[in-house]
Every structure is written in structure tokens, then in C-alpha cells.
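Participant: Below is data-v5.txt; it holds compact mmCIF, C-alpha atoms.
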# COMPACT_ATOMS: atom_id res chain seq x y z
CA MET P 1173 -20.85 2.31 29.84
CA MET P 1174 -18.28 3.54 27.30
CA GLU P 1175 -17.07 1.12 24.67
CA THR P 1176 -13.47 0.01 25.15
CA LYS P 1177 -11.24 0.71 22.16
CA SER P 1178 -7.70 -0.48 21.51
CA VAL P 1179 -5.29 0.71 18.83
CA PHE P 1180 -2.19 -1.35 18.09
CA PHE P 1181 0.63 0.08 15.99
CA CYS P 1182 3.29 -1.71 13.99
CA ASN P 1183 6.78 -1.01 15.28
CA TYR P 1184 9.40 -0.62 12.57
CA SER P 1185 13.11 -0.28 11.93
CA VAL P 1186 14.55 1.41 8.86
CA GLY P 1187 18.10 1.57 7.54
CA THR P 1188 20.76 -0.46 5.76
CA GLU P 1189 21.55 -2.78 8.71
CA VAL P 1190 18.06 -3.46 10.05
CA TYR P 1191 18.28 -7.25 9.74
CA SER P 1192 20.91 -7.20 12.51
CA LEU P 1193 18.09 -6.20 14.87
CA VAL P 1194 15.89 -9.21 14.07
CA PRO P 1195 17.23 -11.51 16.83
CA GLU P 1196 16.78 -8.85 19.52
CA VAL P 1197 13.28 -7.91 18.37
CA CYS P 1198 11.97 -11.41 17.66
CA ARG P 1199 13.58 -13.60 20.32
CA PRO P 1200 10.98 -12.74 23.02
CA PHE P 1201 8.41 -14.47 20.79
CA GLY P 1202 10.37 -17.72 20.37
CA THR P 1203 13.21 -19.17 18.35
CA ARG P 1204 11.62 -20.81 15.27
CA ALA P 1205 10.20 -18.96 12.27
CA LEU P 1206 8.42 -20.00 9.10
CA LEU P 1207 9.29 -17.53 6.33
CA ILE P 1208 6.83 -16.95 3.48
CA GLY P 1209 8.34 -14.97 0.63
CA GLY P 1210 8.24 -14.30 -3.07
CA ARG P 1211 10.96 -15.84 -5.23
CA LYS P 1212 12.49 -12.51 -6.25
CA ALA P 1213 12.06 -11.15 -2.73
CA MET P 1214 13.97 -14.02 -1.16
CA ALA P 1215 16.69 -13.71 -3.79
CA ALA P 1216 17.09 -10.12 -2.63
CA GLY P 1217 16.77 -10.53 1.13
CA LEU P 1218 17.01 -14.08 2.42
CA SER P 1219 20.81 -14.45 2.46
CA GLY P 1220 21.18 -11.22 4.42
CA LEU P 1221 18.55 -12.29 6.92
CA GLU P 1222 20.12 -15.72 7.37
CA ALA P 1223 23.52 -14.11 7.94
CA ALA P 1224 22.00 -11.81 10.59
CA LEU P 1225 20.45 -14.80 12.38
CA ALA P 1226 23.61 -16.95 12.36
CA GLY P 1227 24.56 -17.86 15.92
CA SER P 1228 21.63 -15.94 17.42
CA GLY P 1229 19.57 -18.96 18.44
CA LEU P 1230 16.79 -17.83 16.11
CA GLU P 1231 16.31 -20.09 13.09
CA ILE P 1232 14.22 -20.15 9.93
CA LEU P 1233 12.62 -23.59 9.81
CA GLN P 1234 11.56 -23.20 6.19
CA ALA P 1235 11.85 -20.44 3.59
CA ALA P 1236 8.66 -21.15 1.66
CA GLU P 1237 8.44 -19.72 -1.83
CA PHE P 1238 5.16 -17.91 -2.31
CA GLY P 1239 3.65 -17.36 -5.71
CA GLY P 1240 0.28 -16.12 -6.85
CA ASP P 1241 -2.40 -14.40 -4.86
CA CYS P 1242 -3.24 -14.09 -1.19
CA THR P 1243 -6.16 -16.52 -0.91
CA VAL P 1244 -8.03 -18.19 1.93
CA GLU P 1245 -6.58 -21.51 0.76
CA GLN P 1246 -3.00 -20.16 0.83
CA GLY P 1247 -3.52 -18.77 4.33
CA GLU P 1248 -4.92 -22.05 5.61
CA HIS P 1249 -2.11 -24.05 3.97
CA TRP P 1250 0.69 -22.01 5.51
CA ALA P 1251 -1.07 -21.86 8.88
CA ARG P 1252 -1.13 -25.69 8.91
CA CYS P 1253 2.54 -25.80 7.86
CA ALA P 1254 3.51 -23.38 10.63
CA LYS P 1255 1.73 -25.40 13.31
CA ALA P 1256 3.00 -28.75 11.99
CA SER P 1257 6.61 -27.50 12.00
CA GLY P 1258 6.39 -26.06 15.51
CA ALA P 1259 7.02 -22.50 14.36
CA ASP P 1260 6.76 -19.80 17.02
CA MET P 1261 6.28 -16.98 14.51
CA ILE P 1262 5.83 -16.25 10.82
CA PHE P 1263 8.01 -13.96 8.70
CA GLY P 1264 6.67 -12.39 5.51
CA MET P 1265 9.16 -11.20 2.88
CA GLY P 1266 8.24 -9.51 -0.38
CA GLY P 1267 5.53 -7.27 -1.80
CA GLY P 1268 1.93 -6.80 -0.77
CA LYS P 1269 0.59 -10.24 -1.67
CA ALA P 1270 3.38 -12.12 0.11
CA LEU P 1271 3.08 -9.96 3.22
CA ASP P 1272 -0.71 -10.25 3.20
CA THR P 1273 -0.41 -14.04 2.94
CA ALA P 1274 2.00 -14.14 5.88
CA LYS P 1275 -0.41 -12.05 7.96
CA LEU P 1276 -3.37 -14.22 6.97
CA ALA P 1277 -1.52 -17.42 7.86
CA ALA P 1278 -0.21 -16.01 11.13
CA PHE P 1279 -3.59 -14.92 12.42
CA GLN P 1280 -5.18 -18.22 11.38
CA ALA P 1281 -2.40 -20.06 13.24
CA GLY P 1282 -2.51 -17.75 16.26
CA LEU P 1283 1.15 -16.76 15.80
CA PRO P 1284 2.93 -13.38 15.77
CA VAL P 1285 3.97 -12.08 12.36
CA PHE P 1286 6.94 -9.95 11.29
CA THR P 1287 7.25 -8.27 7.90
CA PHE P 1288 10.22 -7.70 5.59
CA PRO P 1289 9.09 -5.57 2.61
CA THR P 1290 11.34 -5.78 -0.43
CA ILE P 1291 9.49 -3.16 -2.50
CA ALA P 1292 8.00 0.15 -1.37
CA ALA P 1293 4.76 -0.05 -3.36
CA THR P 1294 2.34 -0.63 -0.47
CA CYS P 1295 1.80 -0.29 3.26
CA ALA P 1296 1.11 -4.03 3.64
CA GLY P 1297 4.05 -4.34 6.02
CA THR P 1298 2.40 -2.15 8.65
CA THR P 1299 -1.37 -2.62 8.24
CA ALA P 1300 -3.80 -4.86 10.11
CA LEU P 1301 -5.50 -6.34 7.07
CA SER P 1302 -4.97 -8.55 4.04
CA VAL P 1303 -6.41 -8.14 0.56
CA VAL P 1304 -7.81 -11.61 -0.14
CA TYR P 1305 -8.42 -12.97 -3.64
CA ARG P 1306 -10.30 -15.96 -4.99
CA GLU P 1307 -8.48 -18.85 -6.61
CA ASP P 1308 -9.37 -17.45 -10.06
CA GLY P 1309 -7.53 -14.21 -9.23
CA SER P 1310 -10.60 -12.04 -8.66
CA PHE P 1311 -10.93 -9.93 -5.52
CA SER P 1312 -12.77 -11.65 -2.66
CA HIS P 1313 -12.65 -9.55 0.53
CA PHE P 1314 -10.56 -7.71 3.07
CA ALA P 1315 -9.49 -9.74 6.10
CA PHE P 1316 -9.18 -7.44 9.13
CA TYR P 1317 -7.05 -8.29 12.15
CA PRO P 1318 -7.00 -6.99 15.74
CA ARG P 1319 -3.42 -5.78 15.31
CA PRO P 1320 -0.76 -5.35 12.61
CA ALA P 1321 2.58 -7.13 12.39
CA ARG P 1322 4.67 -6.95 15.54
CA HIS P 1323 7.54 -5.30 13.68
CA CYS P 1324 8.38 -4.25 10.13
CA PHE P 1325 12.03 -4.39 9.04
CA ILE P 1326 12.57 -1.85 6.24
CA HIS P 1327 15.92 -2.60 4.59
CA LEU P 1328 16.86 0.45 2.53
CA ASP P 1329 19.59 -1.25 0.51
CA ILE P 1330 17.12 -3.87 -0.70
CA LEU P 1331 14.50 -1.24 -1.50
CA ALA P 1332 17.08 0.90 -3.32
CA ARG P 1333 17.90 -2.05 -5.58
CA ALA P 1334 14.27 -2.96 -6.23
CA PRO P 1335 12.66 -1.92 -9.53
CA TRP P 1336 12.08 1.83 -9.31
CA GLN P 1337 8.60 1.46 -10.82
CA TYR P 1338 7.34 0.07 -7.50
CA LEU P 1339 8.58 3.10 -5.57
CA GLN P 1340 7.00 5.36 -8.18
CA ALA P 1341 3.63 3.60 -7.96
CA GLY P 1342 3.86 3.53 -4.17
CA MET P 1343 4.21 7.30 -4.12
CA GLY P 1344 1.15 7.64 -6.36
CA ASP P 1345 -0.94 5.49 -4.04
CA THR P 1346 0.41 7.27 -0.95
CA MET P 1347 -0.60 10.69 -2.27
CA GLY P 1348 -4.09 9.31 -2.68
CA LYS P 1349 -4.24 8.60 1.05
CA PHE P 1350 -3.76 12.31 1.82
CA PHE P 1351 -6.24 13.68 -0.67
CA GLU P 1352 -8.90 11.02 -0.19
CA CYS P 1353 -8.77 11.02 3.61
CA HIS P 1354 -9.25 14.78 3.81
CA PHE P 1355 -12.00 14.70 1.17
CA ALA P 1356 -13.95 11.82 2.72
CA ALA P 1357 -13.70 13.30 6.23
CA ARG P 1358 -14.74 16.81 5.19
CA GLY P 1359 -17.47 18.20 7.41
CA ASP P 1360 -17.43 15.28 9.86
CA ALA P 1361 -16.84 15.70 13.59
CA LEU P 1362 -14.07 13.14 13.93
CA ALA P 1363 -13.33 11.12 17.04
CA HIS P 1364 -9.72 11.12 18.28
CA SER P 1365 -8.46 8.12 16.32
CA SER P 1366 -9.81 9.26 12.94
CA ALA P 1367 -8.74 12.84 13.57
CA LEU P 1368 -5.22 11.68 14.39
CA GLY P 1369 -5.13 9.52 11.28
CA ARG P 1370 -6.32 12.38 9.09
CA GLU P 1371 -3.52 14.60 10.40
CA ILE P 1372 -0.94 11.87 9.82
CA SER P 1373 -2.20 11.67 6.23
CA ASN P 1374 -0.47 15.03 5.69
CA MET P 1375 2.75 13.01 5.86
CA CYS P 1376 1.55 11.07 2.81
CA TYR P 1377 2.01 14.11 0.58
CA ALA P 1378 4.31 16.83 1.93
CA PRO P 1379 7.43 14.58 2.27
CA LEU P 1380 6.90 13.25 -1.25
CA VAL P 1381 6.70 16.76 -2.70
CA GLU P 1382 9.97 17.54 -0.91
CA HIS P 1383 11.87 14.30 -1.52
CA GLY P 1384 9.99 12.24 -4.12
CA VAL P 1385 11.81 13.30 -7.29
CA GLN P 1386 15.24 12.80 -5.70
CA ALA P 1387 14.13 9.51 -4.13
CA LEU P 1388 13.07 8.17 -7.52
CA ALA P 1389 16.39 9.22 -9.06
CA ASP P 1390 18.28 7.57 -6.20
CA CYS P 1391 16.30 4.35 -6.59
CA LYS P 1392 17.07 4.31 -10.31
CA SER P 1393 20.76 4.54 -9.30
CA GLY P 1394 20.40 1.89 -6.58
CA ARG P 1395 21.44 4.28 -3.81
CA ALA P 1396 20.06 4.22 -0.25
CA THR P 1397 19.81 7.92 0.63
CA HIS P 1398 17.98 10.27 2.97
CA ALA P 1399 15.53 11.17 0.22
CA LEU P 1400 14.78 7.52 -0.48
CA GLU P 1401 14.26 6.86 3.21
CA GLN P 1402 11.72 9.70 3.48
CA ALA P 1403 9.75 8.46 0.48
CA VAL P 1404 9.82 4.86 1.70
CA LEU P 1405 8.59 5.88 5.15
CA ALA P 1406 5.73 7.80 3.56
CA ASN P 1407 4.77 4.80 1.42
CA VAL P 1408 5.16 2.07 4.03
CA VAL P 1409 4.65 3.70 7.43
CA SER P 1410 2.60 6.90 7.12
CA THR P 1411 -0.04 5.20 4.97
CA GLY P 1412 -0.13 2.26 7.35
CA LEU P 1413 -0.71 4.51 10.33
CA VAL P 1414 -3.59 6.27 8.59
CA SER P 1415 -5.14 2.92 7.72
CA LEU P 1416 -4.83 1.73 11.33
CA LEU P 1417 -6.33 4.88 12.83
CA VAL P 1418 -9.18 6.15 10.66
CA LEU P 1419 -12.57 4.59 10.19
CA ASP P 1420 -12.55 2.59 6.97
CA GLN P 1421 -14.85 5.14 5.30
CA TYR P 1422 -12.03 7.70 5.39
CA ASN P 1423 -9.41 5.49 3.70
CA CYS P 1424 -10.53 5.95 0.09
CA ALA P 1425 -12.77 8.17 -2.02
CA VAL P 1426 -12.99 9.22 -5.68
CA ALA P 1427 -9.39 8.42 -6.64
CA HIS P 1428 -9.57 4.72 -5.79
CA SER P 1429 -13.04 4.45 -7.29
CA VAL P 1430 -11.67 5.83 -10.58
CA TYR P 1431 -9.01 3.13 -10.44
CA TYR P 1432 -11.58 0.36 -9.99
CA GLY P 1433 -13.49 1.81 -12.92
CA LEU P 1434 -10.52 2.00 -15.27
CA VAL P 1435 -9.35 -1.56 -14.60
CA LEU P 1436 -12.59 -2.76 -16.17
CA LEU P 1437 -11.19 -1.72 -19.56
CA PRO P 1438 -9.71 -4.74 -21.39
CA GLY P 1439 -5.95 -5.05 -20.85
CA PHE P 1440 -5.69 -1.91 -18.74
CA GLU P 1441 -4.77 -3.53 -15.41
CA GLU P 1442 -1.91 -5.45 -17.01
CA LYS P 1443 -0.31 -2.24 -18.28
CA TYR P 1444 -0.47 0.11 -15.30
CA LEU P 1445 0.45 -0.30 -11.65
CA HIS P 1446 -2.26 0.40 -9.09
CA GLY P 1447 -0.62 3.45 -7.50
CA ASN P 1448 0.00 5.27 -10.77
CA VAL P 1449 -3.67 4.97 -11.70
CA VAL P 1450 -4.74 6.13 -8.23
CA ALA P 1451 -2.56 9.22 -8.70
CA TYR P 1452 -4.49 10.01 -11.89
CA GLY P 1453 -7.68 9.39 -9.92
CA VAL P 1454 -6.61 12.06 -7.44
CA LEU P 1455 -6.50 14.54 -10.31
CA VAL P 1456 -10.05 13.56 -11.23
CA GLN P 1457 -11.14 13.98 -7.61
CA LEU P 1458 -9.58 17.45 -7.44
CA ALA P 1459 -11.33 18.41 -10.67
CA VAL P 1460 -14.67 17.14 -9.35
CA ASP P 1461 -14.04 19.28 -6.29
CA ARG P 1462 -13.02 22.21 -8.53
CA ASP P 1463 -9.75 22.64 -6.62
CA TRP P 1464 -7.92 23.85 -9.70
CA ASP P 1465 -4.81 25.24 -8.00
CA ARG P 1466 -4.11 21.94 -6.23
CA ALA P 1467 -4.93 19.99 -9.39
CA ARG P 1468 -2.39 21.95 -11.43
CA GLU P 1469 0.18 21.57 -8.64
CA LEU P 1470 -0.34 17.81 -8.55
CA LYS P 1471 -0.34 17.41 -12.33
CA ALA P 1472 3.02 19.20 -12.49
CA PHE P 1473 4.36 16.94 -9.74
CA LEU P 1474 3.19 13.80 -11.53
CA ARG P 1475 5.02 15.05 -14.62
CA GLN P 1476 8.22 15.24 -12.53
CA LEU P 1477 7.67 11.66 -11.33
CA ASP P 1478 6.82 10.50 -14.86
CA ILE P 1479 3.43 9.21 -13.69
CA PRO P 1480 0.68 9.38 -16.36
CA ALA P 1481 -1.50 12.42 -15.73
CA THR P 1482 -4.09 12.03 -18.49
CA LEU P 1483 -6.19 9.29 -20.05
CA GLY P 1484 -4.38 9.90 -23.32
CA GLU P 1485 -1.05 9.06 -21.70
CA MET P 1486 -2.57 5.75 -20.58
CA GLY P 1487 -3.90 4.96 -24.04
CA VAL P 1488 -7.55 5.50 -23.08
CA PRO P 1489 -9.68 7.69 -25.37
CA LEU P 1490 -11.75 10.47 -23.84
CA ASN P 1491 -14.90 8.97 -25.28
CA ARG P 1492 -18.16 8.75 -23.36
CA GLU P 1493 -19.12 5.43 -24.92
CA VAL P 1494 -15.76 3.80 -24.21
CA LEU P 1495 -15.77 5.17 -20.66
CA ALA P 1496 -19.38 4.18 -19.90
CA PRO P 1497 -18.47 1.15 -17.72
CA VAL P 1498 -15.71 3.16 -16.04
CA LEU P 1499 -18.13 5.94 -15.10
CA ARG P 1500 -20.75 3.50 -13.84
CA GLU P 1501 -18.28 1.67 -11.63
CA THR P 1502 -16.69 4.87 -10.36
CA VAL P 1503 -19.91 6.35 -8.98
CA ALA P 1504 -21.30 3.02 -7.75
CA GLY P 1505 -18.15 1.76 -6.02
CA PRO P 1506 -18.01 1.27 -2.25
CA ASP P 1507 -15.34 3.97 -1.87
CA MET P 1508 -17.99 6.54 -2.84
CA GLU P 1509 -20.37 5.66 0.00
CA HIS P 1510 -19.00 8.33 2.35
CA ILE P 1511 -18.06 11.52 0.53
CA PRO P 1512 -19.15 15.10 1.27
CA TYR P 1513 -21.63 15.41 -1.62
CA PRO P 1514 -23.21 13.23 -4.34
CA VAL P 1515 -21.06 12.64 -7.43
CA THR P 1516 -22.62 11.66 -10.75
CA GLU P 1517 -21.29 10.06 -13.91
CA ASP P 1518 -21.56 13.44 -15.63
CA MET P 1519 -19.39 15.02 -12.93
CA ILE P 1520 -16.72 12.34 -13.32
CA TYR P 1521 -16.68 12.65 -17.11
CA GLN P 1522 -16.50 16.45 -16.96
CA ALA P 1523 -13.65 16.16 -14.46
CA MET P 1524 -11.80 13.80 -16.81
CA GLU P 1525 -12.30 16.31 -19.62
CA ALA P 1526 -10.88 19.06 -17.43
CA VAL P 1527 -7.85 16.98 -16.42
CA GLU P 1528 -7.15 16.14 -20.05
CA ARG P 1529 -7.00 19.77 -21.16
CA MET P 1530 -5.56 21.27 -17.94
CA THR P 1531 -2.46 23.38 -18.65
CA LEU P 1532 0.27 23.99 -16.13
Before we go any further, please render this structure as C-alpha cells.

Facilitator:
Amino acid sequence: MMETKSVFFCNYSVGTEVYSLVPEVCRPFGTRALLIGGRKAMAAGLSGLEAALAGSGLEILQAAEFGGDCTVEQGEHWARCAKASGADMIFGMGGGKALDTAKLAAFQAGLPVFTFPTIAATCAGTTALSVVYREDGSFSHFAFYPRPARHCFIHLDILARAPWQYLQAGMGDTMGKFFECHFAARGDALAHSSALGREISNMCYAPLVEHGVQALADCKSGRATHALEQAVLANVVSTGLVSLLVLDQYNCAVAHSVYYGLVLLPGFEEKYLHGNVVAYGVLVQLAVDRDWDRARELKAFLRQLDIPATLGEMGVPLNREVLAPVLRETVAGPDMEHIPYPVTEDMIYQAMEAVERMTL
């Protein structure tokens, strides 16, 4: 007997008036919502959402300010609040940690969840998982769900006014999805879902090459444009679709493992956003793979986006002793468990050397 498989996608709306669609989309699930959001996120989006709900019969019972990390304790707390208040659904508004907390609480409470991203740094609004941390801020685990949010409302005006650094980092992380997925899946006979996800990963790079520079300029000017929309959809939707479709072993490879190595350096994680470091990690992966033409192409593109493309630009010396813990973590990390050939610390260091001296 064949195993039964189900794939659930996150519906989404994108534009400058998307909150006007919330009553129509959400009313079939009830009339009462608990909103979990970051302070800055709610300052940017809550008044517009409340105006869109006025007179619709759909009400926000509580707009709960979220701060800190997505933890088991936070999820349990907001799940209890949702059930005690009689909420029919949970709204998440903000960046990755707020959206992940809303998803965690919703699935613990057995309620549908809807997402309202206010930055375009992650695909948390469309994925069926949460990154869960411990109370001390250290990473704990991934919480996987049977389905993503019911709908993601992508408000371009809000994203255009958000700090441009989040869009920039989101593009760096999104490019990683394309390069890592193709690398990790190389040589494998993929089943339909993973094969479809790998092909969608092409949309995590090509649209950014075409629109990314203009999108970043438009975000710096606070303008919701076609270019910004294309970059946002790559960051929020295309990456989410890949995550939903491929086996987990095809989601990450060398680039993310380099990131988890570099953040071991004292003070590094506080200085550099995740996606920008992943983009550098892609360069290392391409150098390991000796794909020099693509590496030069990407390094030139990162220059256009003003994303650091060398260790030197991130204040890290190319020194084997300094990088020893980075190299150890890179090759030992879980993202390296399914790649097309063994990669050693020497190979990573030599790739970093090559990236450092690579001319365009």
C-alpha cells in the first residue's frame, strides 16, 4: 500500500491594500482574533489592520505585544490566552520570531493562524515550522507543523517603509535557497515534491538578479514598486514554497553551515544579519565546488547589493588559528549531512582563501 502524502500551501495576497481583504479571507474561520506582534511591527501595521476590520464583524480581542524569542513557554502562554479569550484564530504580525511564535501558539491551541509580515527578511510568513529557542536565547529545535498559515497578507507599503537592511539580508538568505537546494540535491533521483521545490528554487535567484538592486533602492526611498514586489515575493513566498516542498535535507548545505560556524566568533552575530552571512557562505560553497564563473557573478552581485563578500569586509582575519572553530563547526554541522561529496576543513579554508582574493 502506497503511503498517503499531503502538501498544504500558504495562500497569500500582496499589494498596498491587502488588509482590506482580511475580513473576506478570515471570516469563514470565525470572528475573534488574538494578534501577537512585535512593538515596532504593530506601530507600523496595527492601525491599518484595525481600520480594515472596522464594521466587518471581525474583531481583534487583544493586540499582544511580543518581545524576545520564540520559545516553548511563549507558545504555551499565548495558546492559553487564545483559548481563555475565546479566540477563533491567531494573527501574527512582525518579523520571523513574532510570526513563529504566532504559529507555535496557534498549533498548540488548535486554531488557524494568519500572518502579517512587516519585514521581508524571512519566509516565516509562509512556512510550516517555527525556529524555537530556549529561555536563555540559545537555539532549541525546529517545530514542524502539518500545514503553514492559512493566508499571508504582504503589505507592500509597510515593507517599503521597513528598514532596508532587512530586505537586503532577506535577499542574501533567499539566494542561498537556490544554490544550496541545487547543490544538496545533485545526483539524487528526486520524488515529485522535492523536484518541484528544487525547480521553484530558481525563483529564489533569477528575480533578485533582475530586480534586487532596484528593489533595494526603492526600499531605501520608501517606495512600493514592481521591483520591490518581485524581491519581496522571492524572499517571502518562493523560499517558503521550497521549504514546504523539498525534503529537509535539500533546504540547506555549505552556505548555512558557514554561517553557523562564523557566529561562533565573539561578537560576530551581533554585527551581521543572518542573510548577509549566508550570502557570503554561498560564495564559499561555490568555491568549494570550483564553480568560478558563478562565484564571480555572485560576488559582483553582492557588491551591487552592498552585502559583504569577504571575511575582511566582515572584520574577520583570514587566519587558520582564528578560524579553527568556524571550520570545525562548518564541516560538522547538520546542514552538511546530505551533500554530493565529503567536504573537509581544508577545503573550506581553501575556499575562503579563494573568495578573499577572487577578482571580478

Participant: State, in Å with one decimal place, the distance from CA of Phe1238 in chain P to CA of Ala1292 in chain P.

Facilitator: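 Spanning CA of Phe1238 in chain P to CA of Ala1292 in chain P is a straight-line distance of 18.3 Å.
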
Participant: Can you write out as a Markdown table which residues of range 1388-1422 of chain P fall within 6 Å of range 1356-1371 of chain P, alongside each residue's closest atom pair and its distance in Å to one decimal, counting all atoms listed in the file and ordering rows by chain and ascending residue number?

Facilitator:
| residue | atom | partner | partner_atom | distance |
| --- | --- | --- | --- | --- |
| P:Val1414 | CA | P:Gly1369 | CA | 4.5 |
| P:Leu1417 | CA | P:Gly1369 | CA | 5.0 |
| P:Val1418 | CA | P:Ser1366 | CA | 3.9 |
| P:Tyr1422 | CA | P:Ala1356 | CA | 5.3 |

Participant: Looking at P:Val1404, P:Ala1472, P:Met1508, P:Val1381, which one is nearest to Tyr1432 in chain P, with distances taken over all atoms listed in the file?

Facilitator: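 Selected residue with least distance to Tyr1432 in chain P: P:Met1508.
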
Participant: Using only C-alpha atoms, what table do you get, as a tab-separated table, when you list each residue of range 1330-1377 of chain P with an atom no more than 10 Å from range 1203-1223 of chain P, its nearest pair of atoms, and their distance in Å rounded to one decimal, rows by chain then rising number?

Facilitator:
residue	atom	partner	partner_atom	distance
P:Ile1330	CA	P:Ala1216	CA	6.5
P:Leu1331	CA	P:Ala1216	CA	9.3
P:Arg1333	CA	P:Ala1216	CA	8.6
P:Ala1334	CA	P:Ala1216	CA	8.5

Participant: Skipping near chain neighbours, those fewer than 5 positions away, what residues fall within 8 Å of range 1275-1288 of chain P using all atoms listed in the file, listed as a PyMOL selection string?

Facilitator: chain P and resi 1201+1244+1246-1252+1254-1255+1260-1266+1297-1298+1301-1302+1315+1317+1321-1327

Participant: My list of candidates is P:Glu1196, P:Asp1241, P:Glu1493, P:Asp1507. Which is closest to Leu1225 in chain P when distances are computed with only C-alpha atoms?

Facilitator: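 Of P:Glu1196, P:Asp1241, P:Glu1493, P:Asp1507, the one nearest Leu1225 in chain P, counting only C-alpha atoms, is P:Glu1196.
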
Participant: Env of Leu1388 in chain P: 10 Å cut, atoms = all atoms listed in the file, seq-sep filter 3 positions within chain, self excluded. Answer as a PyMOL selection string.

Facilitator: chain P and resi 1332+1336-1340+1343+1383-1385+1391-1395+1399-1400+1403+1476-1478

Participant: For CA of Ala1425 in chain P and CA of Asn1407 in chain P, determine how far apart the two atoms are, in Å to one decimal place.

Facilitator: 18.2 Å

Participant: Of the candidates P:Leu1233, P:Leu1328, P:Glu1245, P:Ala1270, which one gets nearest to Glu1307 in chain P if we count all atoms listed in the file?

Facilitator: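 Selected residue with least distance to Glu1307 in chain P: P:Glu1245.
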
Participant: Tell me, counting all atoms listed in the file, for each residue of range 1334-1431 of chain P within 8 Å of range 1439-1460 of chain P, which pair of atoms is nearest and how far apart they are in Å to one decimal, in rows ordered by chain and increasing number, as a Markdown table.

Facilitator:
| residue | atom | partner | partner_atom | distance |
| --- | --- | --- | --- | --- |
| P:Gln1340 | CA | P:Asn1448 | CA | 7.5 |
| P:Ala1341 | CA | P:Gly1447 | CA | 4.3 |
| P:Gly1342 | CA | P:Gly1447 | CA | 5.6 |
| P:Met1343 | CA | P:Gly1447 | CA | 7.0 |
| P:Gly1344 | CA | P:Ala1451 | CA | 4.7 |
| P:Asp1345 | CA | P:Gly1447 | CA | 4.0 |
| P:Thr1346 | CA | P:Gly1447 | CA | 7.7 |
| P:Met1347 | CA | P:Ala1451 | CA | 6.9 |
| P:Gly1348 | CA | P:Val1454 | CA | 6.0 |
| P:Phe1351 | CA | P:Val1454 | CA | 7.0 |
| P:Glu1352 | CA | P:Val1454 | CA | 7.7 |
| P:Val1426 | CA | P:Gln1457 | CA | 5.5 |
| P:Ala1427 | CA | P:Gly1453 | CA | 3.8 |
| P:His1428 | CA | P:Val1450 | CA | 5.6 |
| P:Ser1429 | CA | P:Gly1453 | CA | 7.7 |
| P:Val1430 | CA | P:Gly1453 | CA | 5.4 |
| P:Tyr1431 | CA | P:Val1450 | CA | 5.7 |

Participant: Once you have the residues from the selection above, write them out as a short mmCIF file (atom, residue, chain, number, x, y, z; two decimals), keeping the file's coordinate frame, restricted to C-alpha atoms.

Facilitator:
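Resulting contents of part-v5.cif:
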data_model
loop_
_atom_site.label_atom_id
_atom_site.label_comp_id
_atom_site.auth_asym_id
_atom_site.auth_seq_id
_atom_site.Cartn_x
_atom_site.Cartn_y
_atom_site.Cartn_z
CA GLN P 1340 7.00 5.36 -8.18
CA ALA P 1341 3.63 3.60 -7.96
CA GLY P 1342 3.86 3.53 -4.17
CA MET P 1343 4.21 7.30 -4.12
CA GLY P 1344 1.15 7.64 -6.36
CA ASP P 1345 -0.94 5.49 -4.04
CA THR P 1346 0.41 7.27 -0.95
CA MET P 1347 -0.60 10.69 -2.27
CA GLY P 1348 -4.09 9.31 -2.68
CA PHE P 1351 -6.24 13.68 -0.67
CA GLU P 1352 -8.90 11.02 -0.19
CA VAL P 1426 -12.99 9.22 -5.68
CA ALA P 1427 -9.39 8.42 -6.64
CA HIS P 1428 -9.57 4.72 -5.79
CA SER P 1429 -13.04 4.45 -7.29
CA VAL P 1430 -11.67 5.83 -10.58
CA TYR P 1431 -9.01 3.13 -10.44
#

Participant: Interatomic distance between CA of Leu1499 in chain P and CA of Leu1434 in chain P?

Facilitator: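 The value is 8.6 Å.
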
Participant: Between P:Leu1532, P:Val1304, P:Gln1386, P:Cys1198, single out the one closest to Arg1466 in chain P, counting all atoms listed in the file.

Facilitator: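 The shortest atom-to-atom distance to Arg1466 in chain P comes from P:Leu1532.
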
Participant: Identify, on the basis of only C-alpha atoms, every residue whose closest approach to range 1409-1411 of chain P does not exceed 7 Å; exclude the query and any residue fewer than 5 positions from it along the same chain; express the result as an MDAnalysis selection string.

Facilitator: chainID P and resid 1295 1298 1346 1349 1372:1373 1375:1376

Participant: Write out the residues from the selection above, keeping C-alpha atoms, as a short mmCIF file (atom, residue, chain, number, x, y, z; two decimals), keeping the file's coordinate frame.

Facilitator:
data_model
loop_
_atom_site.label_atom_id
_atom_site.label_comp_id
_atom_site.auth_asym_id
_atom_site.auth_seq_id
_atom_site.Cartn_x
_atom_site.Cartn_y
_atom_site.Cartn_z
CA CYS P 1295 1.80 -0.29 3.26
CA THR P 1298 2.40 -2.15 8.65
CA THR P 1346 0.41 7.27 -0.95
CA LYS P 1349 -4.24 8.60 1.05
CA ILE P 1372 -0.94 11.87 9.82
CA SER P 1373 -2.20 11.67 6.23
CA MET P 1375 2.75 13.01 5.86
CA CYS P 1376 1.55 11.07 2.81
#

Participant: Using all atoms listed in the file, which residues sit within 9 Å of Arg1319 in chain P once same-chain residues fewer than 3 positions away are excluded, as a ChimeraX atom specification?

Facilitator: /P:1179-1182,1299-1301,1316,1322,1416

Participant: So, counting only C-alpha atoms, which residue among P:Pro1438, P:Pro1318, P:Pro1506, P:Asp1420 is closest to Ser1178 in chain P?

Facilitator: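 With only C-alpha atoms as the atom set, the closest residue is P:Pro1318.
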
Participant: Padding 5 Å on every side, please: axis-aligned box over the listed atoms of range 1225-1241 of chain P, centre and edge lengths to one decimal in Å, as lines of an AutoDock Vina configuration file.

Facilitator:
center_x = 11.1
center_y = -19.0
center_z = 5.8
size_x = 37.0
size_y = 19.2
size_z = 35.3
